[in-house]
$ cat target_29.cif   # mmCIF, C-alpha atoms
data_my_file
loop_
_atom_site.label_atom_id
_atom_site.label_comp_id
_atom_site.auth_asym_id
_atom_site.auth_seq_id
_atom_site.Cartn_x
_atom_site.Cartn_y
_atom_site.Cartn_z
CA GLN W 64 -100.49 -48.65 147.22
CA LYS W 65 -99.81 -51.80 149.23
CA GLU W 66 -96.19 -52.92 149.52
CA VAL W 67 -97.04 -56.38 148.15
CA GLU W 68 -99.63 -56.93 145.44
CA GLN W 69 -101.13 -60.33 144.66
CA ASP W 70 -104.08 -61.25 142.48
CA PRO W 71 -106.65 -62.80 144.87
CA GLY W 72 -108.14 -65.02 142.15
CA PRO W 73 -109.95 -67.33 142.55
CA LEU W 74 -108.06 -69.60 140.20
CA SER W 75 -109.46 -72.96 139.05
CA VAL W 76 -107.41 -75.45 137.06
CA PRO W 77 -107.85 -79.11 136.05
CA GLU W 78 -105.78 -81.75 137.76
CA GLY W 79 -102.35 -82.10 136.16
CA ALA W 80 -102.17 -78.49 134.97
CA ILE W 81 -99.23 -76.18 135.57
CA VAL W 82 -100.17 -73.37 137.94
CA SER W 83 -98.48 -69.98 137.91
CA LEU W 84 -98.89 -67.64 140.88
CA ASN W 85 -97.16 -64.30 141.21
CA CYS W 86 -96.67 -61.18 143.30
CA THR W 87 -95.20 -57.76 142.74
CA TYR W 88 -93.72 -55.51 145.37
CA SER W 89 -92.54 -51.94 145.72
CA ASN W 90 -89.92 -52.02 148.49
CA SER W 91 -86.45 -52.58 147.04
CA ALA W 92 -85.15 -53.46 150.52
CA PHE W 93 -86.90 -56.83 150.45
CA GLN W 94 -84.33 -59.62 150.21
CA TYR W 95 -86.12 -62.71 151.55
CA PHE W 96 -89.04 -64.14 149.64
CA MET W 97 -91.41 -66.87 150.74
CA TRP W 98 -94.47 -68.71 149.61
CA TYR W 99 -96.90 -70.02 152.19
CA ARG W 100 -99.84 -72.34 151.67
CA GLN W 101 -102.92 -71.88 153.84
CA TYR W 102 -105.75 -74.36 154.04
CA SER W 103 -109.14 -73.15 155.24
CA ARG W 104 -109.14 -72.32 158.96
CA LYS W 105 -105.47 -73.25 159.34
CA GLY W 106 -102.29 -71.27 159.81
CA PRO W 107 -99.93 -70.54 156.89
CA GLU W 108 -97.47 -73.35 156.12
CA LEU W 109 -94.11 -72.52 154.55
CA LEU W 110 -93.62 -73.95 151.04
CA MET W 111 -90.62 -72.16 149.60
CA TYR W 112 -87.97 -69.78 150.95
CA THR W 113 -85.63 -67.85 148.64
CA TYR W 114 -82.94 -65.29 149.27
CA SER W 115 -82.40 -62.58 146.64
CA SER W 116 -82.86 -63.26 142.92
CA GLY W 117 -82.90 -66.63 141.22
CA ASN W 118 -84.79 -69.90 141.04
CA LYS W 119 -85.38 -72.61 143.59
CA GLU W 120 -86.96 -75.97 142.94
CA ASP W 121 -88.48 -78.42 145.43
CA GLY W 122 -90.37 -81.35 143.96
CA ARG W 123 -93.33 -80.05 141.98
CA PHE W 124 -92.76 -76.48 143.19
CA THR W 125 -90.47 -73.84 141.66
CA ALA W 126 -90.02 -70.35 143.06
CA GLN W 127 -88.57 -67.54 140.99
CA VAL W 128 -87.45 -64.12 142.13
CA ASP W 129 -86.63 -61.23 139.80
CA LYS W 130 -85.49 -58.35 142.00
CA SER W 131 -84.87 -56.05 139.03
CA SER W 132 -88.57 -56.25 138.15
CA LYS W 133 -89.74 -56.64 141.78
CA TYR W 134 -91.64 -59.73 140.73
CA ILE W 135 -91.82 -63.20 142.25
CA SER W 136 -93.51 -66.35 141.02
CA LEU W 137 -94.47 -69.81 142.21
CA PHE W 138 -95.02 -72.61 139.71
CA ILE W 139 -96.79 -75.84 140.61
CA ARG W 140 -96.34 -78.72 138.17
CA ASP W 141 -98.73 -81.64 137.85
CA SER W 142 -101.21 -79.95 140.18
CA GLN W 143 -103.23 -82.19 142.48
CA PRO W 144 -106.60 -81.68 144.20
CA SER W 145 -104.68 -81.62 147.49
CA ASP W 146 -102.96 -78.44 146.26
CA SER W 147 -106.29 -76.62 146.58
CA ALA W 148 -105.61 -73.87 149.11
CA THR W 149 -104.78 -70.19 149.38
CA TYR W 150 -101.21 -69.34 148.42
CA LEU W 151 -99.63 -66.34 150.13
CA CYS W 152 -96.45 -64.64 149.03
CA ALA W 153 -94.44 -63.01 151.80
CA MET W 154 -91.23 -61.04 151.96
CA SER W 155 -88.96 -59.25 154.37
CA ALA W 156 -85.99 -56.97 154.39
CA GLY W 157 -84.09 -59.38 156.63
CA THR W 158 -81.52 -58.05 159.04
CA GLY W 159 -83.18 -56.04 161.80
CA ALA W 160 -86.56 -55.80 160.08
CA ASN W 161 -87.86 -59.32 160.30
CA ASN W 162 -91.59 -58.88 160.10
CA LEU W 163 -93.11 -60.36 156.99
CA PHE W 164 -95.15 -58.42 154.45
CA PHE W 165 -97.80 -60.61 152.87
CA GLY W 166 -99.81 -60.47 149.69
CA THR W 167 -103.57 -60.86 149.79
CA GLY W 168 -103.31 -64.55 148.86
CA THR W 169 -104.53 -66.37 145.74
CA ARG W 170 -107.22 -68.98 146.24
CA LEU W 171 -106.49 -72.03 144.08
CA THR W 172 -108.85 -74.91 143.29
CA VAL W 173 -107.57 -77.98 141.42
CA ILE W 174 -110.47 -79.85 139.89
CA PRO W 175 -110.16 -83.67 139.70
CA GLY J 755 -92.17 -82.33 167.05
CA ALA J 756 -94.68 -79.90 168.50
CA GLY J 757 -95.45 -76.83 166.46
CA VAL J 758 -96.71 -73.43 167.50
CA SER J 759 -99.91 -73.71 169.50
CA GLN J 760 -102.50 -71.03 170.16
CA THR J 761 -105.39 -70.91 172.57
CA PRO J 762 -108.28 -70.51 172.42
CA SER J 763 -108.95 -71.57 168.83
CA ASN J 764 -112.11 -69.47 168.83
CA LYS J 765 -113.13 -66.56 171.02
CA VAL J 766 -116.46 -64.75 170.88
CA THR J 767 -116.81 -61.63 172.97
CA GLU J 768 -118.96 -58.55 173.24
CA LYS J 769 -117.97 -55.07 172.21
CA GLY J 770 -116.11 -53.33 175.01
CA LYS J 771 -114.81 -56.48 176.69
CA TYR J 772 -111.19 -57.44 177.37
CA VAL J 773 -109.61 -60.50 175.76
CA GLU J 774 -106.34 -62.40 176.06
CA LEU J 775 -104.94 -64.63 173.35
CA ARG J 776 -102.14 -67.07 174.12
CA CYS J 777 -99.26 -68.36 171.99
CA ASP J 778 -96.91 -71.23 172.80
CA PRO J 779 -93.95 -71.09 170.39
CA ILE J 780 -91.80 -73.98 169.27
CA SER J 781 -89.42 -74.90 172.06
CA GLY J 782 -86.11 -73.06 171.78
CA HIS J 783 -87.37 -70.42 169.35
CA THR J 784 -86.22 -67.02 170.53
CA ALA J 785 -88.20 -64.89 168.09
CA LEU J 786 -91.99 -64.63 168.30
CA TYR J 787 -94.36 -62.69 166.07
CA TRP J 788 -98.03 -61.75 166.18
CA TYR J 789 -100.00 -61.11 162.99
CA ARG J 790 -103.64 -60.33 162.31
CA GLN J 791 -105.50 -61.73 159.30
CA SER J 792 -108.80 -60.23 158.27
CA LEU J 793 -111.18 -62.11 155.99
CA GLY J 794 -109.85 -62.35 152.44
CA GLN J 795 -106.57 -60.65 153.34
CA GLY J 796 -103.02 -61.71 154.02
CA PRO J 797 -101.63 -61.58 157.55
CA GLU J 798 -100.54 -58.16 158.80
CA PHE J 799 -97.70 -57.74 161.25
CA LEU J 800 -98.50 -56.58 164.77
CA ILE J 801 -95.48 -57.09 167.05
CA TYR J 802 -92.18 -58.99 167.24
CA PHE J 803 -90.41 -60.26 170.35
CA GLN J 804 -86.77 -61.21 170.61
CA GLY J 805 -86.53 -63.00 173.91
CA THR J 806 -88.61 -61.17 176.51
CA GLY J 807 -88.54 -57.76 174.90
CA ALA J 808 -90.71 -56.30 172.18
CA ALA J 809 -88.18 -55.47 169.46
CA ASP J 810 -90.75 -54.00 167.09
CA ASP J 811 -94.34 -53.07 167.98
CA SER J 812 -94.91 -50.78 165.02
CA GLY J 813 -97.82 -52.88 163.74
CA LEU J 814 -100.02 -52.54 166.81
CA PRO J 815 -103.01 -50.49 165.58
CA ASN J 816 -103.58 -48.47 168.77
CA ASP J 817 -103.04 -48.48 172.53
CA ARG J 818 -105.86 -50.95 173.12
CA PHE J 819 -103.49 -53.68 171.93
CA PHE J 820 -100.66 -54.90 174.12
CA ALA J 821 -98.52 -58.04 174.18
CA VAL J 822 -96.15 -59.60 176.67
CA ARG J 823 -93.63 -62.42 176.77
CA PRO J 824 -92.39 -62.33 180.37
CA GLU J 825 -90.19 -65.44 180.35
CA GLY J 826 -89.15 -65.44 176.72
CA SER J 827 -91.41 -68.33 175.77
CA VAL J 828 -95.21 -68.06 175.97
CA SER J 829 -96.71 -64.80 174.77
CA THR J 830 -100.08 -63.21 175.44
CA LEU J 831 -101.77 -60.66 173.19
CA LYS J 832 -104.16 -58.49 175.14
CA ILE J 833 -106.92 -56.39 173.63
CA GLN J 834 -108.84 -53.89 175.75
CA ARG J 835 -112.26 -52.41 174.99
CA THR J 836 -112.73 -54.64 171.98
CA GLU J 837 -114.41 -53.22 168.90
CA ARG J 838 -116.23 -55.02 166.08
CA GLY J 839 -113.37 -54.08 163.77
CA ASP J 840 -111.02 -56.20 165.89
CA SER J 841 -112.72 -59.34 164.57
CA ALA J 842 -110.08 -61.35 162.71
CA VAL J 843 -107.81 -64.36 163.00
CA TYR J 844 -104.82 -63.62 165.21
CA LEU J 845 -101.79 -65.64 164.15
CA CYS J 846 -98.63 -66.30 166.11
CA ALA J 847 -95.34 -67.37 164.53
CA SER J 848 -91.96 -68.28 165.96
CA SER J 849 -88.47 -68.72 164.57
CA ARG J 850 -85.21 -70.10 165.92
CA ASP J 851 -83.62 -66.70 165.51
CA PRO J 852 -84.73 -63.46 163.83
CA ARG J 853 -83.27 -64.39 160.43
CA ASP J 854 -84.73 -67.89 160.35
CA THR J 855 -87.97 -69.16 158.85
CA GLN J 856 -91.17 -68.26 160.68
CA TYR J 857 -93.50 -71.12 161.59
CA PHE J 858 -97.13 -70.25 162.15
CA GLY J 859 -99.69 -71.54 164.60
CA PRO J 860 -103.31 -72.29 163.65
CA GLY J 861 -104.53 -68.92 164.87
CA THR J 862 -107.24 -67.69 167.21
CA ARG J 863 -110.44 -66.60 165.51
CA LEU J 864 -111.75 -63.58 167.42
CA THR J 865 -115.33 -62.44 166.89
CA VAL J 866 -116.52 -59.26 168.54
CA LEU J 867 -120.30 -58.96 168.60
#
$ encode --input "target_29.cif" --output "structure tokens"
Amino acid sequence: QKEVEQDPGPLSVPEGAIVSLNCTYSNSAFQYFMWYRQYSRKGPELLMYTYSSGNKEDGRFTAQVDKSSKYISLFIRDSQPSDSATYLCAMSAGTGANNLFFGTGTRLTVIP
Amino acid sequence: GAGVSQTPSNKVTEKGKYVELRCDPISGHTALYWYRQSLGQGPEFLIYFQGTGAADDSGLPNDRFFAVRPEGSVSTLKIQRTERGDSAVYLCASSRDPRDTQYFGPGTRLTVL
């Protein structure tokens, strides 16, 4: 079993829809949770960064972390065609162990 | 400001050859990471540098892979006797300190024929 599980999709939604992306994980030591966006043939770009459990909102993006269920989510409101990309969840234990563990990535297409 | 840069952007080599991949981190970032991303997969950790020293090389798959960061800035990932299974995108990331956000470069796409 991989430490981080993510449905690879692909996921297609109409423009303006609310998108829900999620990951589960098995390592209870993970404390830092991130969502990266990756366009084709580009490096991952950080979208959201959350420490421990709770919600964080930034514009159209909301990240949620539920450590008790080992489950994290990213919501995109009013999705735009420019949101079409692969979304990667990533997490780390933090102090001392700083390498990131990534999910497979979910490929999202927003249809105009 | 300038982000993480990686050269070359693409590298095609033959099985058995030696390759070097270069990473220029964001200026002032002390932590540097190498990851490998195979097609349809998320990045997988290879090695982490804090300053000049490799603080964690547990992700290197075997002794054909080696990385250096002699002056605490630019890093080079070296792969000896390349195999077809080494074909992937090699990503570099840097952060201001180990607990800070990691910023990724565009990657080097390595193809071993």
$ closest_residue --input "target_29.cif" --among "W:Ser115, W:Ser83, W:Ser75, W:Thr167" --to "Tyr95 of chain W" --atoms "all atoms listed in the file"
W:Ser115
$ interface_residues --input "target_29.cif" --of "chain W" --to "chain J" --cutoff "12 Å" --atoms "only C-alpha atoms" --output "number ranges by chain"
W: 65-73, 94-114, 149-170
$ resolve_selection --input "target_29.cif" --expression "the PyMOL selection byres ((chain W and resi 135) around 6)" --output "ChimeraX atom specification"
/W:85-86,127-128,134,136
$ write_last_selection --input "target_29.cif" --atoms "C-alpha atoms" --output "PDB file, in the frame of the given file"
ATOM      1  CA  ASN W  85     -97.160 -64.300 141.210  1.00  0.00           C
ATOM      2  CA  CYS W  86     -96.670 -61.180 143.300  1.00  0.00           C
ATOM      3  CA  GLN W 127     -88.570 -67.540 140.990  1.00  0.00           C
ATOM      4  CA  VAL W 128     -87.450 -64.120 142.130  1.00  0.00           C
ATOM      5  CA  TYR W 134     -91.640 -59.730 140.730  1.00  0.00           C
ATOM      6  CA  SER W 136     -93.510 -66.350 141.020  1.00  0.00           C
TER       7      SER W 136
END
$ atom_distance --input "target_29.cif" --atom1 "atom CA of Asp840 of chain J" --atom2 "atom CA of Leu786 of chain J"
21.0 Å
$ atom_distance --input "target_29.cif" --atom1 "atom CA of Lys771 of chain J" --atom2 "atom CA of Ser812 of chain J"
23.8 Å
$ atom_distance --input "target_29.cif" --atom1 "atom CA of Val866 of chain J" --atom2 "atom CA of Gly807 of chain J"
28.7 Å
$ residues_around --input "target_29.cif" --residues "Val828 of chain J" --least-positions-apart "5" --cutoff "8 Å" --atoms "all atoms listed in the file" --output "PDB file with C-alpha atoms, in the coordinates of the input"
ATOM      1  CA  ARG J 776    -102.140 -67.070 174.120  1.00  0.00           C
ATOM      2  CA  CYS J 777     -99.260 -68.360 171.990  1.00  0.00           C
ATOM      3  CA  ASP J 778     -96.910 -71.230 172.800  1.00  0.00           C
ATOM      4  CA  PRO J 779     -93.950 -71.090 170.390  1.00  0.00           C
ATOM      5  CA  ARG J 823     -93.630 -62.420 176.770  1.00  0.00           C
TER       6      ARG J 823
END
$ resolve_selection --input "target_29.cif" --expression "the PyMOL selection byres ((chain J and resi 816) around 12)" --output "mmCIF file with C-alpha atoms, keeping the file's coordinate frame"
data_model
loop_
_atom_site.group_PDB
_atom_site.id
_atom_site.type_symbol
_atom_site.label_atom_id
_atom_site.label_comp_id
_atom_site.auth_asym_id
_atom_site.auth_seq_id
_atom_site.Cartn_x
_atom_site.Cartn_y
_atom_site.Cartn_z
ATOM 1 C CA LEU J 800 -98.500 -56.580 164.770
ATOM 2 C CA ILE J 801 -95.480 -57.090 167.050
ATOM 3 C CA ASP J 811 -94.340 -53.070 167.980
ATOM 4 C CA SER J 812 -94.910 -50.780 165.020
ATOM 5 C CA GLY J 813 -97.820 -52.880 163.740
ATOM 6 C CA LEU J 814 -100.020 -52.540 166.810
ATOM 7 C CA PRO J 815 -103.010 -50.490 165.580
ATOM 8 C CA ASP J 817 -103.040 -48.480 172.530
ATOM 9 C CA ARG J 818 -105.860 -50.950 173.120
ATOM 10 C CA PHE J 819 -103.490 -53.680 171.930
ATOM 11 C CA PHE J 820 -100.660 -54.900 174.120
ATOM 12 C CA LYS J 832 -104.160 -58.490 175.140
ATOM 13 C CA ILE J 833 -106.920 -56.390 173.630
ATOM 14 C CA GLN J 834 -108.840 -53.890 175.750
ATOM 15 C CA ARG J 835 -112.260 -52.410 174.990
ATOM 16 C CA THR J 836 -112.730 -54.640 171.980
ATOM 17 C CA GLU J 837 -114.410 -53.220 168.900
ATOM 18 C CA ASP J 840 -111.020 -56.200 165.890
#
$ resolve_selection --input "target_29.cif" --expression "the PyMOL selection byres ((chain W and resi 79) around 9)" --output "VMD selection string"
chain W and resid 76 to 78 80 to 81 140 to 143 173 175
$ closest_residue --input "target_29.cif" --among "W:Phe138, W:Ile174, W:Ser147, W:Ser131" --to "Asn90 of chain W" --atoms "all atoms listed in the file"
W:Ser131
$ closest_residue --input "target_29.cif" --among "J:Thr806, J:Thr767, J:Ser759, J:Ser841" --to "Ser781 of chain J" --atoms "all atoms listed in the file"
J:Ser759
